[in-house]
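Notes to accompany the following structure.
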Amino acid sequence: MSDKVTTSEGQACLQGLMRVWFDFERQLGRVPILQRLERDRFTEEDYRRLLCHLRQQVIEGARWITRGASSFERDFADVRSMVIEHAREEHRDYEMLEADYVAAGGERETIVHAERNAGSEALHAFMMHRASQPNPVDLIGAMWIIEGLGHKMADDWARRIDAALGGDGGATRFMRYHGANDDAHLDKLYALLDRVCRGEAERRAILRTARVVARLYALQLEEIDHEPA
């Protein structure tokens, strides 16, 4: 349990988020493209397809974060400021991802014009809906899942991808960047938990959104093997 969360309600919510995360890890373990990465059967085409499909979530992420910021009312002005700062830091991350795609042998036009898969469509629709609600404190649950991926898995994925493809890190900059920086983003989430999780209603909303986002994110990755890049 993190000593960065100090309130009893925040601690209870954090315990719930950790359980959601462990279940999310199990879901990811069943995703075919990640199984190939784990079993040393990952190809350059797999990597280009992974980047192509991840871009949809990355490019839309700043949109739902800024939409969520605009939905916080005056009593949550401090939360709004933190969310706006988070969006500012990440709103052009997709450019780094596109550069990695090109470095991996892809054509920029291909990734720029790729359509969302079924999981990406569902994730985007859910996040924009939640972000449009008044004072959407439950978005912390979504950020826990997405930032947690960067913090806990991005570096490992980058190392495995470079090993599988004989790369030198020049095509995994997006993942390496998030592996190095998302721990700071999680620190901000700990502070937000103490700020907004004041009772059972907030805790249930945050955990529900975390569970939905975890499932839809896994679906987004599962769909890579069912739809064209």
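How things are named: the first chain in the structure tokens is A, the next is B, and so on; residues count from 1 in each chain; ligands count from 1 in the order shown.
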
### Residue list (helix (DSSP H, G or I), DSSP) for segment 18-227 of chain A, as number ranges by chain
A: 18-28, 32-38, 44-70, 74-90, 93-103, 108-112, 118-131, 139-165, 173-196, 200-225

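Compared by their closest atoms to Asp100 of chain A, and using only C-alpha atoms, the residues A:Leu37, A:Val5, A:Ala171, A:Met128 rank with A:Ala171 nearest.
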
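For the pair atom CA of Gly10 of chain A and atom CA of Gly179 of chain A, the separation is 24.9 Å.
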
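Among the candidates A:Arg63, A:Arg198, A:Arg30, A:Arg80, the one nearest to Pro136 of chain A when counting only C-alpha atoms is A:Arg80.
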
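Remark: for Ile224 of chain A, the closest of the candidate residues A:Val79, A:Ala87, A:Ile33, A:Val58 is A:Ile33 (distances computed over only C-alpha atoms).
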
### Query
Counting only C-alpha atoms, what is within 10 Å of Leu189 of chain A, bar same-chain residues fewer than 6 positions away, as JSON, numbers by chain?
{"A": [4, 5, 82, 83, 140, 141, 143, 144, 147, 183, 195]}

At a cut-off of 7 Å, can you tabulate as CSV every residue of segment 83-152 of chain A near segment 210-218 of chain A together with its closest atom pair and the distance in Å to one decimal, using only C-alpha atoms and ordering rows by chain then number?
```
residue,atom,partner,partner_atom,distance
A:Gly119,CA,A:Leu216,CA,5.7
A:Ala122,CA,A:Leu216,CA,6.7
A:Leu123,CA,A:Leu216,CA,5.5
A:Gly141,CA,A:Ala210,CA,4.1
A:Ala142,CA,A:Ala210,CA,4.9
A:Ile145,CA,A:Ala214,CA,6.3
```

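Each of A:Glu98, A:Asp40, A:Asp93, A:Asp168 was compared to Thr110 of chain A using only C-alpha atoms, and A:Glu98 turns out to be the nearest.
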
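Of the residues under consideration (A:Val20, A:Leu221, A:Ala114, A:Leu193), A:Leu221 shows the shortest atom-to-atom contact distance to Gln35 of chain A when counting only C-alpha atoms.
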
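With distances restricted to only C-alpha atoms, A:Arg49 is the closest residue to His226 of chain A from A:Arg49, A:Arg41, A:His129, A:Arg19.
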
## Note on the structure
re atom CA of Leu139 of chain A and atom CA of Arg176 of chain A: distance 24.5 Å
